$ cat run05.tsv   # TSV, C-alpha atoms
chain	number	residue	atom	x	y	z
A	32	MET	CA	0.00	0.00	0.00
A	33	ALA	CA	1.39	3.37	-1.04
A	34	GLU	CA	0.24	6.75	0.19
A	35	ALA	CA	-0.63	9.17	-2.60
A	36	LYS	CA	-0.53	12.83	-3.53
A	37	ILE	CA	-2.79	14.20	-6.24
A	38	CYS	CA	-0.96	17.25	-7.54
A	39	GLY	CA	-1.97	20.18	-9.71
A	40	ILE	CA	-5.58	20.32	-8.55
A	41	THR	CA	-7.43	23.27	-10.04
A	42	ASP	CA	-11.10	22.75	-9.15
A	43	ALA	CA	-13.41	21.47	-6.44
A	44	ARG	CA	-14.44	18.32	-8.34
A	45	ALA	CA	-10.86	17.10	-8.48
A	46	LEU	CA	-10.25	18.04	-4.87
A	47	ASP	CA	-13.33	16.17	-3.70
A	48	ALA	CA	-12.34	13.11	-5.75
A	49	ALA	CA	-8.90	13.11	-4.11
A	50	ILE	CA	-10.39	13.41	-0.63
A	51	ASP	CA	-13.08	10.80	-1.24
A	52	GLY	CA	-10.53	8.41	-2.76
A	53	GLY	CA	-8.29	8.54	0.29
A	54	ALA	CA	-5.34	10.66	-0.88
A	55	ARG	CA	-2.99	11.70	1.90
A	56	PHE	CA	-1.91	14.89	0.11
A	57	VAL	CA	-3.32	17.30	-2.45
A	58	GLY	CA	-1.06	19.67	-4.35
A	59	PHE	CA	-1.79	23.21	-5.50
A	60	VAL	CA	0.62	24.78	-7.98
A	61	VAL	CA	1.70	28.40	-7.74
A	62	TYR	CA	3.86	28.84	-10.84
A	63	PRO	CA	2.53	31.03	-13.67
A	64	LYS	CA	4.17	28.99	-16.44
A	65	SER	CA	2.21	25.90	-15.44
A	66	PRO	CA	-1.26	25.11	-16.84
A	67	ARG	CA	-2.10	24.15	-13.25
A	68	HIS	CA	-1.21	27.55	-11.77
A	69	LEU	CA	-3.72	28.96	-9.28
A	70	SER	CA	-4.49	32.57	-8.51
A	71	ARG	CA	-4.26	33.57	-4.86
A	72	ASP	CA	-8.05	33.68	-4.55
A	73	LYS	CA	-8.52	30.22	-6.04
A	74	LEU	CA	-5.67	28.83	-3.96
A	75	ALA	CA	-7.23	30.21	-0.79
A	76	ALA	CA	-10.67	28.79	-1.66
A	77	LEU	CA	-9.40	25.29	-2.47
A	78	ALA	CA	-7.11	25.22	0.56
A	79	GLU	CA	-10.03	26.16	2.80
A	80	ARG	CA	-12.20	23.43	1.25
A	81	ALA	CA	-9.45	20.87	1.88
A	82	ARG	CA	-8.63	21.95	5.41
A	83	GLY	CA	-8.94	19.21	7.99
A	84	GLN	CA	-9.70	16.53	5.39
A	85	VAL	CA	-6.38	16.05	3.62
A	86	GLU	CA	-2.84	17.43	3.88
A	87	THR	CA	-2.33	20.41	1.59
A	88	VAL	CA	0.86	21.03	-0.39
A	89	VAL	CA	1.65	24.27	-2.20
A	90	VAL	CA	4.08	23.63	-5.04
A	91	THR	CA	6.47	26.44	-5.98
A	92	VAL	CA	9.41	26.80	-8.36
A	93	ASP	CA	12.35	28.98	-7.33
A	94	ALA	CA	9.97	31.19	-5.33
A	95	ASP	CA	11.30	34.18	-3.43
A	96	GLU	CA	10.43	34.78	0.21
A	97	GLU	CA	7.79	37.35	-0.68
A	98	LEU	CA	5.84	34.74	-2.65
A	99	LEU	CA	6.29	32.08	0.01
A	100	ALA	CA	5.03	34.46	2.68
A	101	ALA	CA	2.01	35.37	0.54
A	102	VAL	CA	1.20	31.71	-0.08
A	103	ALA	CA	1.49	30.95	3.64
A	104	ALA	CA	-0.83	33.85	4.48
A	105	CYS	CA	-3.57	32.97	2.01
A	106	ALA	CA	-3.47	29.16	2.14
A	107	GLY	CA	-1.75	28.12	5.38
A	108	PRO	CA	-0.39	24.99	3.67
A	109	ASP	CA	0.59	21.93	5.64
A	110	TRP	CA	3.53	21.46	3.29
A	111	ILE	CA	5.57	23.59	0.91
A	112	GLN	CA	7.07	21.75	-2.07
A	113	LEU	CA	10.11	23.23	-3.81
A	114	HIS	CA	10.26	22.00	-7.38
A	115	GLY	CA	12.97	24.16	-8.89
A	116	SER	CA	16.71	24.61	-8.58
A	117	GLU	CA	16.60	25.71	-4.94
A	118	ASN	CA	19.80	25.02	-3.01
A	119	PRO	CA	19.89	23.66	0.55
A	120	GLY	CA	20.09	27.18	2.01
A	121	LYS	CA	16.94	28.33	0.21
A	122	THR	CA	15.26	25.09	1.20
A	123	ALA	CA	16.01	25.69	4.86
A	124	GLN	CA	14.62	29.25	4.66
A	125	ALA	CA	11.39	28.06	3.05
A	126	ARG	CA	10.62	25.63	5.90
A	127	GLN	CA	9.19	28.42	8.08
A	128	TYR	CA	6.25	28.93	5.69
A	129	ALA	CA	4.87	25.40	6.07
A	130	GLN	CA	2.73	24.14	8.93
A	131	ARG	CA	4.04	20.57	8.86
A	132	GLY	CA	7.04	20.27	6.59
A	133	LEU	CA	9.04	20.94	3.47
A	134	ILE	CA	9.22	18.67	0.40
A	135	LYS	CA	12.20	19.07	-1.95
A	136	ALA	CA	11.92	17.63	-5.45
A	137	ILE	CA	15.04	16.21	-7.09
A	138	GLY	CA	15.21	15.56	-10.83
A	139	VAL	CA	16.39	12.07	-11.73
A	140	ALA	CA	17.58	10.60	-15.02
A	141	ARG	CA	20.56	8.47	-13.90
A	142	PRO	CA	21.59	6.72	-10.68
A	143	GLU	CA	24.16	9.44	-10.00
A	144	ASP	CA	21.37	12.01	-9.66
A	145	LEU	CA	20.31	10.44	-6.37
A	146	ALA	CA	23.50	11.74	-4.77
A	147	GLN	CA	21.85	15.17	-4.55
A	148	ALA	CA	19.59	13.85	-1.81
A	149	ALA	CA	22.33	13.96	0.82
A	150	ALA	CA	22.56	17.76	0.69
A	151	PHE	CA	18.82	18.18	1.28
A	152	GLU	CA	18.25	15.56	3.97
A	153	PRO	CA	19.26	17.98	6.78
A	154	VAL	CA	16.87	20.73	5.63
A	155	ALA	CA	13.86	19.00	4.03
A	156	ASP	CA	11.26	16.88	5.80
A	157	MET	CA	10.55	14.78	2.71
A	158	LEU	CA	12.20	14.20	-0.65
A	159	MET	CA	10.54	13.70	-4.02
A	160	PHE	CA	12.26	11.93	-6.89
A	161	ASP	CA	10.81	13.13	-10.19
A	162	ALA	CA	11.89	12.64	-13.79
A	163	LYS	CA	14.26	15.33	-15.03
A	164	PRO	CA	12.36	17.67	-17.34
A	165	PRO	CA	13.21	17.91	-21.05
A	166	PRO	CA	15.22	20.94	-22.20
A	167	GLY	CA	12.96	23.97	-21.94
A	168	GLY	CA	10.19	21.92	-20.33
A	169	LEU	CA	8.26	22.58	-17.14
A	170	PRO	CA	9.92	21.43	-13.90
A	171	GLY	CA	7.21	18.79	-13.39
A	172	GLY	CA	3.94	17.45	-14.76
A	173	ASN	CA	5.56	16.33	-18.02
A	174	ALA	CA	4.27	12.72	-18.08
A	175	LEU	CA	7.88	11.53	-18.13
A	176	ALA	CA	9.18	8.60	-16.10
A	177	PHE	CA	12.68	7.44	-15.20
A	178	ASP	CA	13.96	3.95	-14.46
A	179	TRP	CA	12.24	3.20	-11.17
A	180	GLN	CA	14.70	0.43	-10.34
A	181	ILE	CA	17.32	3.12	-9.73
A	182	LEU	CA	15.64	3.55	-6.34
A	183	ALA	CA	15.33	-0.13	-5.46
A	184	GLY	CA	16.99	-0.91	-2.15
A	185	ARG	CA	18.16	2.66	-1.60
A	186	ARG	CA	17.88	4.22	1.85
A	187	PHE	CA	17.62	7.92	2.55
A	188	GLY	CA	17.65	10.00	5.71
A	189	ARG	CA	14.15	11.32	5.00
A	190	PRO	CA	10.89	9.81	3.79
A	191	TRP	CA	10.56	10.05	0.01
A	192	MET	CA	7.95	10.11	-2.70
A	193	LEU	CA	8.09	8.86	-6.29
A	194	SER	CA	6.84	11.07	-9.12
A	195	GLY	CA	7.06	11.28	-12.89
A	196	GLY	CA	4.92	9.59	-15.53
A	197	LEU	CA	2.73	7.69	-13.08
A	198	THR	CA	-0.78	6.60	-14.12
A	199	PRO	CA	-3.49	4.32	-12.76
A	200	ALA	CA	-2.13	1.61	-15.07
A	201	ASN	CA	1.52	1.70	-13.99
A	202	VAL	CA	1.57	2.90	-10.39
A	203	ALA	CA	1.54	-0.61	-8.92
A	204	GLU	CA	4.51	-1.58	-11.12
A	205	ALA	CA	6.32	1.63	-10.12
A	206	VAL	CA	5.86	0.92	-6.42
A	207	SER	CA	7.04	-2.66	-6.84
A	208	ALA	CA	10.12	-1.66	-8.84
A	209	SER	CA	11.19	1.30	-6.70
A	210	GLY	CA	10.04	0.36	-3.22
A	211	ALA	CA	8.27	3.71	-2.88
A	212	ALA	CA	6.00	4.15	0.14
A	213	ALA	CA	4.41	7.27	-1.37
A	214	VAL	CA	3.59	8.34	-4.92
A	215	ASP	CA	2.71	11.60	-6.64
A	216	VAL	CA	0.63	12.09	-9.81
A	217	SER	CA	-0.45	15.07	-11.88
A	218	SER	CA	-0.70	14.66	-15.66
A	219	GLY	CA	-1.46	10.94	-15.29
A	220	VAL	CA	-4.95	11.68	-13.95
A	221	GLU	CA	-5.86	14.52	-16.30
A	222	ALA	CA	-8.44	14.82	-19.07
A	223	SER	CA	-6.35	17.69	-20.48
A	224	ALA	CA	-3.49	19.82	-19.19
A	225	GLY	CA	-4.62	21.41	-15.96
A	226	LEU	CA	-7.99	19.63	-15.83
A	227	LYS	CA	-8.15	16.57	-13.60
A	228	ASP	CA	-10.47	13.62	-14.33
A	229	PRO	CA	-12.22	12.53	-11.10
A	230	LEU	CA	-12.58	8.95	-12.37
A	231	LYS	CA	-8.85	8.70	-13.11
A	232	ILE	CA	-8.11	10.10	-9.66
A	233	ALA	CA	-10.27	7.38	-8.09
A	234	GLU	CA	-8.59	4.69	-10.21
A	235	PHE	CA	-5.11	5.93	-9.33
A	236	LEU	CA	-5.82	6.02	-5.62
A	237	ALA	CA	-7.33	2.53	-5.69
A	238	ALA	CA	-4.28	1.20	-7.57
A	239	ALA	CA	-1.85	2.90	-5.18
A	240	ARG	CA	-3.73	1.56	-2.18
A	241	SER	CA	-3.51	-2.01	-3.48
A	242	ALA	CA	0.14	-1.71	-4.62

$ encode --input "run05.tsv" --output "structure tokens"
Amino acid sequence: MAEAKICGITDARALDAAIDGGARFVGFVVYPKSPRHLSRDKLAALAERARGQVETVVVTVDADEELLAAVAACAGPDWIQLHGSENPGKTAQARQYAQRGLIKAIGVARPEDLAQAAAFEPVADMLMFDAKPPPGGLPGGNALAFDWQILAGRRFGRPWMLSGGLTPANVAEAVSASGAAAVDVSSGVEASAGLKDPLKIAEFLAAARSA
């Protein structure tokens, strides 16, 4: 059984499907280049709807402290996820804006990429291993996967989550190959970019639960 995060939620239907399906986390993206970007008002409304039912994660990319403070004020997220090129120092500074913890995403294409984790273990509460984006691509949500077996048998100083190219059809295989205890999905449960499909969300969560 793997815990799950449904990321890039943009409307109440998707949020309710994630909650009803038993997701541990829901992710809200604050990054204007993403089709899943939320305005402050929409972020605040969805975060309020989720409060007390599921752990909320605000996903940012190379955000400055002004943005992080604004996000914390309007959404009060349980978690802040850093999905850019933030260094350990920036990661440590961002921790104050989260109620529960800080997630740092690390792009992976080769086994050597996992070495980055050591620098973030002292300052992040959770790690996320996601597929490295293509040149010029978005930092995440690209429907790309990496070789999950890279993670098999590896131990890290923090809990970690697997992301990148996951779908209802392959999440069980991904968990088996990697040993992940938690998984993250965005594009794999969408009808179109930025629009989640509640049925796919339910299918993904059921598959993750039985993995």

$ closest_residue --input "run05.tsv" --among "A:Ala211, A:Leu74, A:Ala129, A:Val88" --to "Ala100 of chain A" --atoms "only C-alpha atoms"
A:Ala129

$ residues_around --input "run05.tsv" --residues "Trp179 of chain A" --least-positions-apart "5" --cutoff "12 Å" --atoms "all atoms listed in the file" --output "number ranges by chain"
A: 139-142, 145, 160-162, 184-185, 192-197, 201-211, 214

$ residues_around --input "run05.tsv" --residues "Ala212 of chain A" --least-positions-apart "6" --cutoff "10 Å" --atoms "only C-alpha atoms" --output "count of residues only"
11

$ atom_distance --input "run05.tsv" --atom1 "atom CA of Arg189 of chain A" --atom2 "atom CA of Ala176 of chain A"
21.8 Å

$ atom_distance --input "run05.tsv" --atom1 "atom CA of Arg80 of chain A" --atom2 "atom CA of Asp95 of chain A"
26.3 Å

$ residues_around --input "run05.tsv" --residues "Thr198 of chain A" --least-positions-apart "6" --cutoff "7 Å" --atoms "all atoms listed in the file" --output "PyMOL selection string"
chain A and resi 219-220+235

$ atom_distance --input "run05.tsv" --atom1 "atom CA of Arg55 of chain A" --atom2 "atom CA of Arg186 of chain A"
22.2 Å

$ closest_residue --input "run05.tsv" --among "A:Ala76, A:Leu182, A:Leu236, A:Ala155" --to "Gly120 of chain A" --atoms "all atoms listed in the file"
A:Ala155

$ closest_residue --input "run05.tsv" --among "A:Ser70, A:Ala45, A:Lys163, A:Tyr128" --to "Ala222 of chain A" --atoms "only C-alpha atoms"
A:Ala45

$ decode --input "run05.tsv" --residues "segment 125-150 of chain A" --atoms "N, CA, C and O atoms" --output "CSV table (one decimal), in the first residue's frame"
chain,number,residue,atom,x,y,z
A,125,ALA,N,12.8,28.2,3.4
A,125,ALA,CA,11.4,28.1,3.1
A,125,ALA,C,10.6,27.3,4.1
A,125,ALA,O,9.4,27.4,4.2
A,126,ARG,N,11.3,26.5,4.9
A,126,ARG,CA,10.6,25.6,5.9
A,126,ARG,C,9.7,26.4,6.8
A,126,ARG,O,8.6,25.9,7.2
A,127,GLN,N,10.0,27.6,7.1
A,127,GLN,CA,9.2,28.4,8.1
A,127,GLN,C,7.8,28.7,7.6
A,127,GLN,O,6.9,29.0,8.4
A,128,TYR,N,7.5,28.6,6.3
A,128,TYR,CA,6.3,28.9,5.7
A,128,TYR,C,5.3,27.8,5.6
A,128,TYR,O,4.2,27.9,5.2
A,129,ALA,N,5.7,26.6,6.1
A,129,ALA,CA,4.9,25.4,6.1
A,129,ALA,C,4.4,25.0,7.5
A,129,ALA,O,5.2,25.2,8.4
A,130,GLN,N,3.2,24.5,7.6
A,130,GLN,CA,2.7,24.1,8.9
A,130,GLN,C,3.4,22.8,9.4
A,130,GLN,O,3.6,22.7,10.6
A,131,ARG,N,3.5,21.9,8.5
A,131,ARG,CA,4.0,20.6,8.9
A,131,ARG,C,5.4,20.3,8.3
A,131,ARG,O,6.2,19.6,9.0
A,132,GLY,N,5.7,20.6,7.1
A,132,GLY,CA,7.0,20.3,6.6
A,132,GLY,C,7.3,20.8,5.2
A,132,GLY,O,6.5,21.4,4.5
A,133,LEU,N,8.5,20.5,4.7
A,133,LEU,CA,9.0,20.9,3.5
A,133,LEU,C,9.4,19.7,2.6
A,133,LEU,O,10.1,18.8,3.1
A,134,ILE,N,8.9,19.7,1.4
A,134,ILE,CA,9.2,18.7,0.4
A,134,ILE,C,10.2,19.3,-0.6
A,134,ILE,O,9.9,20.3,-1.2
A,135,LYS,N,11.3,18.6,-0.9
A,135,LYS,CA,12.2,19.1,-1.9
A,135,LYS,C,12.2,18.0,-3.1
A,135,LYS,O,12.5,16.9,-2.8
A,136,ALA,N,11.9,18.5,-4.3
A,136,ALA,CA,11.9,17.6,-5.4
A,136,ALA,C,13.3,17.6,-6.0
A,136,ALA,O,14.0,18.6,-6.1
A,137,ILE,N,13.7,16.4,-6.5
A,137,ILE,CA,15.0,16.2,-7.1
A,137,ILE,C,14.8,15.5,-8.4
A,137,ILE,O,14.2,14.5,-8.5
A,138,GLY,N,15.3,16.1,-9.5
A,138,GLY,CA,15.2,15.6,-10.8
A,138,GLY,C,16.2,14.4,-11.0
A,138,GLY,O,17.3,14.5,-10.7
A,139,VAL,N,15.6,13.3,-11.6
A,139,VAL,CA,16.4,12.1,-11.7
A,139,VAL,C,16.3,11.6,-13.2
A,139,VAL,O,15.3,11.5,-13.8
A,140,ALA,N,17.5,11.3,-13.7
A,140,ALA,CA,17.6,10.6,-15.0
A,140,ALA,C,18.5,9.4,-14.9
A,140,ALA,O,18.3,8.4,-15.6
A,141,ARG,N,19.5,9.5,-14.1
A,141,ARG,CA,20.6,8.5,-13.9
A,141,ARG,C,20.8,8.2,-12.4
A,141,ARG,O,20.4,9.0,-11.6
A,142,PRO,N,21.3,7.0,-12.1
A,142,PRO,CA,21.6,6.7,-10.7
A,142,PRO,C,22.4,7.8,-9.9
A,142,PRO,O,22.1,8.1,-8.8
A,143,GLU,N,23.3,8.4,-10.6
A,143,GLU,CA,24.2,9.4,-10.0
A,143,GLU,C,23.4,10.6,-9.5
A,143,GLU,O,23.8,11.3,-8.6
A,144,ASP,N,22.2,10.9,-10.1
A,144,ASP,CA,21.4,12.0,-9.7
A,144,ASP,C,20.9,11.9,-8.2
A,144,ASP,O,20.5,12.9,-7.6
A,145,LEU,N,20.8,10.7,-7.7
A,145,LEU,CA,20.3,10.4,-6.4
A,145,LEU,C,21.3,11.0,-5.3
A,145,LEU,O,20.9,11.2,-4.2
A,146,ALA,N,22.5,11.2,-5.7
A,146,ALA,CA,23.5,11.7,-4.8
A,146,ALA,C,23.1,13.1,-4.2
A,146,ALA,O,23.6,13.5,-3.1
A,147,GLN,N,22.3,13.8,-5.0
A,147,GLN,CA,21.8,15.2,-4.6
A,147,GLN,C,21.1,15.1,-3.2
A,147,GLN,O,21.0,16.1,-2.5
A,148,ALA,N,20.5,14.0,-3.0
A,148,ALA,CA,19.6,13.9,-1.8
A,148,ALA,C,20.3,14.2,-0.5
A,148,ALA,O,19.7,14.8,0.4
A,149,ALA,N,21.6,13.8,-0.4
A,149,ALA,CA,22.3,14.0,0.8
A,149,ALA,C,22.4,15.4,1.3
A,149,ALA,O,22.3,15.7,2.5
A,150,ALA,N,22.5,16.3,0.3
A,150,ALA,CA,22.6,17.8,0.7
A,150,ALA,C,21.2,18.3,1.2
A,150,ALA,O,21.2,19.3,2.0
